[in-house]
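Undergrad: Sharing my_file27.cif below, mmCIF, C-alpha atoms:
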```
data_run
loop_
_atom_site.group_PDB
_atom_site.id
_atom_site.type_symbol
_atom_site.label_atom_id
_atom_site.label_comp_id
_atom_site.auth_asym_id
_atom_site.auth_seq_id
_atom_site.Cartn_x
_atom_site.Cartn_y
_atom_site.Cartn_z
ATOM 1 C CA LEU A 1 -11.828 121.695 60.645
ATOM 2 C CA GLN A 2 -11.937 118.862 63.079
ATOM 3 C CA TYR A 3 -10.166 115.563 62.462
ATOM 4 C CA SER A 4 -10.582 112.513 64.577
ATOM 5 C CA SER A 5 -9.625 108.892 64.166
ATOM 6 C CA SER A 6 -9.676 105.739 66.195
ATOM 7 C CA PHE A 7 -6.806 103.290 66.254
ATOM 8 C CA ASP A 8 -7.213 99.687 67.384
ATOM 9 C CA ALA A 9 -3.720 98.386 68.080
ATOM 10 C CA ASP A 10 -4.887 94.828 68.447
ATOM 11 C CA ALA A 11 -6.771 94.890 65.168
ATOM 12 C CA ASP A 12 -3.775 96.405 63.355
ATOM 13 C CA ALA A 13 -1.496 93.768 64.800
ATOM 14 C CA ASP A 14 -3.883 91.039 63.715
ATOM 15 C CA ALA A 15 -3.933 92.472 60.212
ATOM 16 C CA ASP A 16 -0.148 92.095 59.974
ATOM 17 C CA GLU A 17 -0.279 88.450 61.034
ATOM 18 C CA PRO A 18 -0.347 85.900 58.217
ATOM 19 C CA GLN A 19 -3.848 84.584 57.813
ATOM 20 C CA PRO A 20 -4.576 80.932 57.010
ATOM 21 C CA PRO A 21 -5.902 80.311 53.500
ATOM 22 C CA PRO A 22 -9.679 79.990 53.254
ATOM 23 C CA LYS A 23 -10.896 76.435 53.571
ATOM 24 C CA LYS A 24 -11.641 74.957 50.183
ATOM 25 C CA LYS A 25 -15.098 73.667 49.517
ATOM 26 C CA PRO A 26 -15.003 69.861 49.311
ATOM 27 C CA ILE A 27 -15.334 68.407 45.838
ATOM 28 C CA VAL A 28 -18.116 65.849 45.886
ATOM 29 C CA ILE A 29 -17.545 62.864 43.606
ATOM 30 C CA GLU A 30 -20.124 60.250 42.705
ATOM 31 C CA ALA A 31 -18.380 56.876 42.477
ATOM 32 C CA THR A 32 -20.310 54.179 40.603
ATOM 33 C CA TYR A 33 -19.455 51.112 38.560
ATOM 34 C CA ASP A 34 -20.694 48.980 35.693
ATOM 35 C CA SER A 35 -19.592 45.690 34.147
ATOM 36 C CA ARG A 36 -16.533 47.304 32.583
ATOM 37 C CA SER A 37 -15.245 50.038 34.848
ATOM 38 C CA ILE A 38 -15.432 52.212 37.921
ATOM 39 C CA ARG A 39 -16.917 55.587 37.062
ATOM 40 C CA LEU A 40 -16.312 58.917 38.726
ATOM 41 C CA ASN A 41 -19.131 61.363 38.044
ATOM 42 C CA GLY A 42 -20.182 59.094 35.205
ATOM 43 C CA ALA A 43 -16.792 58.914 33.470
ATOM 44 C CA PRO A 44 -14.885 55.588 33.228
ATOM 45 C CA SER A 45 -11.701 55.931 35.277
ATOM 46 C CA LEU A 46 -8.386 54.101 35.382
ATOM 47 C CA PHE A 47 -6.601 53.664 38.696
ATOM 48 C CA LEU A 48 -2.986 52.777 39.392
ATOM 49 C CA GLY A 49 -2.848 51.890 43.048
ATOM 50 C CA GLY A 50 -0.658 50.567 45.804
ATOM 51 C CA SER A 51 -1.391 49.127 49.241
ATOM 52 C CA ILE A 52 -0.011 50.582 52.465
ATOM 53 C CA HIS A 53 -0.873 49.601 56.034
ATOM 54 C CA PRO A 54 -1.039 52.632 58.363
ATOM 55 C CA VAL A 55 -0.582 50.478 61.488
ATOM 56 C CA ARG A 56 2.801 49.384 60.137
ATOM 57 C CA THR A 57 4.049 52.936 59.648
ATOM 58 C CA THR A 58 4.630 56.105 61.595
ATOM 59 C CA LYS A 59 3.284 59.505 60.635
ATOM 60 C CA SER A 60 6.548 60.462 58.933
ATOM 61 C CA THR A 61 7.069 57.177 57.077
ATOM 62 C CA TRP A 62 3.431 57.277 55.939
ATOM 63 C CA SER A 63 4.045 60.691 54.407
ATOM 64 C CA ASP A 64 7.208 59.425 52.719
ATOM 65 C CA ALA A 65 5.336 56.437 51.280
ATOM 66 C CA LEU A 66 2.561 58.643 49.913
ATOM 67 C CA ASP A 67 5.100 60.972 48.313
ATOM 68 C CA GLU A 68 6.747 57.969 46.650
ATOM 69 C CA ALA A 69 3.361 56.796 45.414
ATOM 70 C CA VAL A 70 2.701 60.152 43.766
ATOM 71 C CA SER A 71 6.184 60.361 42.256
ATOM 72 C CA ASN A 72 5.693 56.911 40.713
ATOM 73 C CA GLY A 73 2.434 57.888 39.046
ATOM 74 C CA LEU A 74 -0.079 56.252 41.378
ATOM 75 C CA ASN A 75 -3.473 57.870 41.828
ATOM 76 C CA LEU A 76 -4.996 55.517 44.407
ATOM 77 C CA ILE A 77 -3.929 54.056 47.750
ATOM 78 C CA THR A 78 -5.472 50.971 49.329
ATOM 79 C CA VAL A 79 -5.692 51.479 53.093
ATOM 80 C CA TYR A 80 -6.017 48.443 55.350
ATOM 81 C CA VAL A 81 -7.947 48.850 58.614
ATOM 82 C CA PHE A 82 -6.955 46.013 60.933
ATOM 83 C CA TRP A 83 -9.741 45.120 63.346
ATOM 84 C CA SER A 84 -7.426 43.590 65.958
ATOM 85 C CA TYR A 85 -5.315 46.744 66.115
ATOM 86 C CA HIS A 86 -8.226 49.111 66.655
ATOM 87 C CA GLN A 87 -10.212 46.843 68.976
ATOM 88 C CA PRO A 88 -7.707 44.595 70.765
ATOM 89 C CA THR A 89 -10.184 43.706 73.534
ATOM 90 C CA ARG A 90 -13.889 43.023 73.353
ATOM 91 C CA THR A 91 -14.898 45.521 76.039
ATOM 92 C CA GLY A 92 -12.251 48.199 75.508
ATOM 93 C CA GLY A 93 -13.979 50.128 72.726
ATOM 94 C CA TYR A 94 -12.320 51.384 69.559
ATOM 95 C CA ASP A 95 -9.036 53.239 69.352
ATOM 96 C CA TRP A 96 -8.470 54.855 65.954
ATOM 97 C CA SER A 97 -4.993 56.146 66.779
ATOM 98 C CA LEU A 98 -1.956 54.914 64.846
ATOM 99 C CA PRO A 99 1.672 54.211 65.876
ATOM 100 C CA PRO A 100 3.357 57.504 66.772
ATOM 101 C CA GLY A 101 6.951 56.394 66.291
ATOM 102 C CA GLY A 102 9.941 57.808 68.136
ATOM 103 C CA ASN A 103 10.114 58.467 71.855
ATOM 104 C CA ILE A 104 6.714 59.948 72.632
ATOM 105 C CA ASP A 105 6.001 61.329 76.066
ATOM 106 C CA PRO A 106 2.559 59.967 77.025
ATOM 107 C CA GLU A 107 1.911 63.189 78.945
ATOM 108 C CA ASP A 108 2.495 65.372 75.883
ATOM 109 C CA GLU A 109 -0.892 65.781 74.219
ATOM 110 C CA ASP A 110 0.477 68.187 71.592
ATOM 111 C CA GLU A 111 3.106 65.881 70.193
ATOM 112 C CA ASP A 112 3.188 66.272 66.400
ATOM 113 C CA ALA A 113 3.753 62.572 65.908
ATOM 114 C CA ARG A 114 0.301 61.682 67.239
ATOM 115 C CA TRP A 115 -2.161 60.777 64.511
ATOM 116 C CA GLU A 116 -5.131 58.557 63.731
ATOM 117 C CA LEU A 117 -6.748 56.723 60.836
ATOM 118 C CA ALA A 118 -8.529 59.817 59.536
ATOM 119 C CA ASP A 119 -5.202 61.683 59.389
ATOM 120 C CA ALA A 120 -3.709 58.924 57.241
ATOM 121 C CA ILE A 121 -6.596 59.106 54.795
ATOM 122 C CA GLU A 122 -6.590 62.908 54.699
ATOM 123 C CA ALA A 123 -2.843 62.873 53.995
ATOM 124 C CA ALA A 124 -3.556 60.818 50.890
ATOM 125 C CA SER A 125 -6.292 63.235 49.866
ATOM 126 C CA CYS A 126 -3.943 66.225 50.221
ATOM 127 C CA ARG A 127 -1.703 64.614 47.601
ATOM 128 C CA GLY A 128 -4.552 64.069 45.176
ATOM 129 C CA LEU A 129 -4.748 60.331 45.839
ATOM 130 C CA PHE A 130 -8.026 58.452 45.891
ATOM 131 C CA VAL A 131 -8.507 55.851 48.625
ATOM 132 C CA HIS A 132 -9.749 52.266 48.502
ATOM 133 C CA ILE A 133 -10.615 51.328 52.090
ATOM 134 C CA ARG A 134 -10.376 47.717 53.200
ATOM 135 C CA MET A 135 -12.126 47.297 56.525
ATOM 136 C CA GLY A 136 -11.890 43.541 56.970
ATOM 137 C CA PRO A 137 -13.096 41.786 58.927
ATOM 138 C CA TYR A 138 -10.404 39.537 57.433
ATOM 139 C CA GLU A 139 -7.499 41.193 55.633
ATOM 140 C CA CYS A 140 -4.777 38.514 55.404
ATOM 141 C CA ALA A 141 -1.740 40.773 54.749
ATOM 142 C CA GLU A 142 0.464 38.385 56.769
ATOM 143 C CA TYR A 143 -1.132 39.868 59.889
ATOM 144 C CA ASN A 144 -2.019 37.717 62.907
ATOM 145 C CA TYR A 145 -5.435 36.074 62.281
ATOM 146 C CA GLY A 146 -5.631 38.236 59.170
ATOM 147 C CA GLY A 147 -6.608 41.161 61.391
ATOM 148 C CA ILE A 148 -9.398 39.390 63.296
ATOM 149 C CA PRO A 149 -8.956 39.935 67.067
ATOM 150 C CA GLU A 150 -7.924 36.888 69.077
ATOM 151 C CA TRP A 151 -10.960 37.274 71.345
ATOM 152 C CA VAL A 152 -13.465 36.861 68.503
ATOM 153 C CA PRO A 153 -13.328 33.044 68.080
ATOM 154 C CA LEU A 154 -13.847 32.652 71.846
ATOM 155 C CA ILE A 155 -17.440 33.856 71.453
ATOM 156 C CA SER A 156 -20.095 31.132 71.302
ATOM 157 C CA ASN A 157 -23.570 31.116 69.820
ATOM 158 C CA ARG A 158 -26.569 31.379 72.123
ATOM 159 C CA ASP A 159 -27.102 27.616 71.915
ATOM 160 C CA GLY A 160 -23.536 27.050 73.109
ATOM 161 C CA SER A 161 -22.160 25.991 69.748
ATOM 162 C CA PRO A 162 -18.764 27.419 68.789
ATOM 163 C CA MET A 163 -18.562 30.358 66.441
ATOM 164 C CA ARG A 164 -17.817 29.609 62.793
ATOM 165 C CA MET A 165 -15.901 32.612 61.568
ATOM 166 C CA ARG A 166 -16.466 34.002 58.098
ATOM 167 C CA ARG A 167 -19.654 31.986 57.692
ATOM 168 C CA TRP A 168 -23.381 32.672 58.027
ATOM 169 C CA ASP A 169 -23.153 32.130 61.774
ATOM 170 C CA ASP A 170 -25.191 34.168 64.257
ATOM 171 C CA ALA A 171 -22.331 34.907 66.662
ATOM 172 C CA TRP A 172 -19.955 35.814 63.853
ATOM 173 C CA MET A 173 -22.471 37.957 61.991
ATOM 174 C CA GLU A 174 -23.284 39.919 65.136
ATOM 175 C CA VAL A 175 -19.727 40.765 66.150
ATOM 176 C CA MET A 176 -18.540 41.280 62.563
ATOM 177 C CA SER A 177 -21.456 43.593 61.750
ATOM 178 C CA HIS A 178 -20.704 45.656 64.838
ATOM 179 C CA TRP A 179 -17.096 46.154 63.714
ATOM 180 C CA VAL A 180 -17.953 47.033 60.114
ATOM 181 C CA GLY A 181 -20.700 49.387 61.268
ATOM 182 C CA ASN A 182 -18.332 51.244 63.584
ATOM 183 C CA VAL A 183 -15.632 51.627 60.933
ATOM 184 C CA THR A 184 -18.208 52.952 58.482
ATOM 185 C CA GLN A 185 -19.617 55.356 61.053
ATOM 186 C CA TYR A 186 -16.145 56.638 61.956
ATOM 187 C CA LEU A 187 -15.306 57.352 58.314
ATOM 188 C CA THR A 188 -18.708 58.990 57.815
ATOM 189 C CA THR A 189 -18.299 61.200 60.875
ATOM 190 C CA LYS A 190 -14.913 62.319 59.538
ATOM 191 C CA GLU A 191 -16.546 63.013 56.125
ATOM 192 C CA LEU A 192 -14.072 60.871 54.215
ATOM 193 C CA TRP A 193 -16.387 59.232 51.654
ATOM 194 C CA SER A 194 -16.324 60.671 48.141
ATOM 195 C CA GLU A 195 -19.981 61.739 48.302
ATOM 196 C CA GLN A 196 -19.000 63.853 51.330
ATOM 197 C CA GLY A 197 -16.044 65.441 49.573
ATOM 198 C CA GLY A 198 -13.529 62.906 50.866
ATOM 199 C CA PRO A 199 -11.097 60.677 48.935
ATOM 200 C CA ILE A 200 -12.657 57.234 49.592
ATOM 201 C CA ILE A 201 -14.201 55.968 46.372
ATOM 202 C CA MET A 202 -14.299 52.245 47.212
ATOM 203 C CA GLY A 203 -14.878 50.116 50.281
ATOM 204 C CA GLN A 204 -14.096 46.416 50.474
ATOM 205 C CA ILE A 205 -15.524 43.758 52.778
ATOM 206 C CA GLU A 206 -13.616 40.483 53.273
ATOM 207 C CA ASN A 207 -10.673 39.092 51.294
ATOM 208 C CA GLU A 208 -9.530 35.820 49.733
ATOM 209 C CA LEU A 209 -12.807 34.097 50.549
ATOM 210 C CA GLY A 210 -13.677 30.898 48.706
ATOM 211 C CA GLY A 211 -17.173 29.482 48.254
ATOM 212 C CA GLU A 212 -16.686 26.305 50.267
ATOM 213 C CA GLY A 213 -18.403 25.499 53.543
ATOM 214 C CA GLY A 214 -21.259 27.976 53.235
ATOM 215 C CA ARG A 215 -19.082 30.976 52.532
ATOM 216 C CA SER A 216 -20.918 31.853 49.331
ATOM 217 C CA THR A 217 -24.129 32.222 51.359
ATOM 218 C CA TYR A 218 -22.288 34.441 53.859
ATOM 219 C CA MET A 219 -21.116 36.841 51.169
ATOM 220 C CA SER A 220 -24.478 36.977 49.387
ATOM 221 C CA ALA A 221 -26.354 37.941 52.582
ATOM 222 C CA ASP A 222 -28.176 41.254 52.643
#
```
For the file at hand, write its structure as structure tokens.
TA:
Amino acid sequence: LQYSSSFDADADADADEPQPPPKKKPIVIEATYDSRSIRLNGAPSLFLGGSIHPVRTTKSTWSDALDEAVSNGLNLITVYVFWSYHQPTRTGGYDWSLPPGGNIDPEDEDEDARWELADAIEAASCRGLFVHIRMGPYECAEYNYGGIPEWVPLISNRDGSPMRMRRWDDAWMEVMSHWVGNVTQYLTTKELWSEQGGPIIMGQIENELGGEGGRSTYMSAD
């Protein structure tokens, strides 16, 4: 009788190592609305929400705030995305990172405190919170220019006339549309919308906008 066996030490060692849990399949939710309610997968839904501004927190205080939200019975968080924070200069591109907090070594790329907008939204999702995203361009929130970058009103129209912000104005519509489009694309790439399995069920454009001075035309534009 012959007996032979093969032993792979590396494989056996790997088997003893704790394995990460299998990645859960995202739950896709269809968010719609009618004259009476917001509906998730067709069912009228009630939301108790609170607003938090990621750019005014650190990674640890954001987690604490979300935990408090859950413990107080909230099921939705409104997340403000401040344009001026993520695009402080016109030519510098977009930076989706958020305040790290603490004494962070700029050379340390593995620092746990580093995070970005997508991390903030995913942290809410991990706690079972839905997200209402407010992408500006104007937020108010007692933030400088309401979140509009200081360089924006310096842009003129092609005929040399000054920009009229938050109106149907060519210069404003062009720069504002570019910002909103990039925020939307970022969130889509990160698969954070509810139809992608993410927690975002609502997106909001503008805030505290009256109908005077052509603003109603601006908001009704396609």
Undergrad: Apply the PyMOL selection byres ((chain A and resi 99) around 9) to the displayed file and report the matching residues as a PyMOL selection string.
TA: chain A and resi 54-59+97-98+100-101+113-116
Undergrad: What do you get, as number ranges by chain, if you spell out every residue that the PyMOL selection byres ((chain A and resi 74-90) around 8) selects here?
TA: A: 47-55, 69-73, 91-97, 121, 124, 128-137, 139, 147-152, 179
Undergrad: Check the smallest atom-to-atom distance from each of A:Ile155, A:Tyr186, A:Cys126, A:Tyr218 to A:Ser63 using all atoms listed in the file, then report the winner.
TA: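 Closest to A:Ser63 of all the choices is A:Cys126.
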Undergrad: Written as a list of chain:residue names, what is the full residue list that the PyMOL selection byres ((chain A and resi 172-174) around 9) yields on the file shown?
TA: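 Checked against the file, the PyMOL selection byres ((chain A and resi 172-174) around 9) matches A:Val152, A:Pro153, A:Ile155, A:Ser156, A:Asn157, A:Met163, A:Arg164, A:Met165, A:Arg166, A:Arg167, A:Trp168, A:Asp169, A:Asp170, A:Ala171, A:Val175, A:Met176, A:Ser177, A:His178, A:Trp179, A:Tyr218.
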Undergrad: Could you work out an axis-aligned bounding box for all listed atoms of stretch 195-207 of chain A, with 5 Å added on each of the six sides, and give its centre and edge lengths in Å to one decimal, as lines of an AutoDock Vina configuration file?
TA:
```
center_x = -15.3
center_y = 52.3
center_z = 49.8
size_x = 19.3
size_y = 36.3
size_z = 16.9
```
Undergrad: Please list as a list in words every residue within 12 Å of A:Asp34, counting all atoms listed in the file and excluding residues in the same chain fewer than 3 positions away.
TA: Ala31, Ser37, Ile38, Arg39, Leu40, Gly42, Ala43, Pro44 and Ser45 of chain A
Undergrad: Taking only C-alpha atoms into account, name the residue in A:Thr61, A:Thr32, A:Ser220, A:Asn207 that is nearest to A:Ala141.
TA: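 Closest residue, counting only C-alpha atoms: A:Asn207.
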Undergrad: Let me make sure I understand: among A:Gln196, A:Gln204, A:Thr217, A:Thr188, which one has the smallest atom-to-atom distance to A:Ile29 if we use all atoms listed in the file?
TA: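 Of all the options, A:Gln196 lies closest to A:Ile29.
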Undergrad: Rounded to one decimal place, report the atom CA of A:Asn41-atom CA of A:Trp62 distance in Å.
TA: 29.1 Å
Undergrad: Using all atoms listed in the file, which residue out of A:Glu30, A:Glu208, A:Asp64, A:Glu195 lies closest to A:Ala123?
TA: A:Asp64
Undergrad: Find the distance between atom CA of A:Asn182 and atom CA of A:Glu142 and write it in Å to one decimal.
TA: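 Taking atom CA of A:Asn182 and atom CA of A:Glu142, their separation equals 23.8 Å.
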Undergrad: To one decimal place, how far is atom CA of A:Gly203 from atom CA of A:Thr184 in Å?
TA: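 For atom CA of A:Gly203 relative to atom CA of A:Thr184, the distance reads 9.3 Å.
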Undergrad: Let me make sure I understand: among A:Leu192, A:Val180, A:Leu154, A:Cys140, which one has the smallest atom-to-atom distance to A:Glu122 if we use all atoms listed in the file?
TA: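 Once distances to A:Glu122 are computed over all atoms listed in the file, the minimum belongs to A:Leu192.
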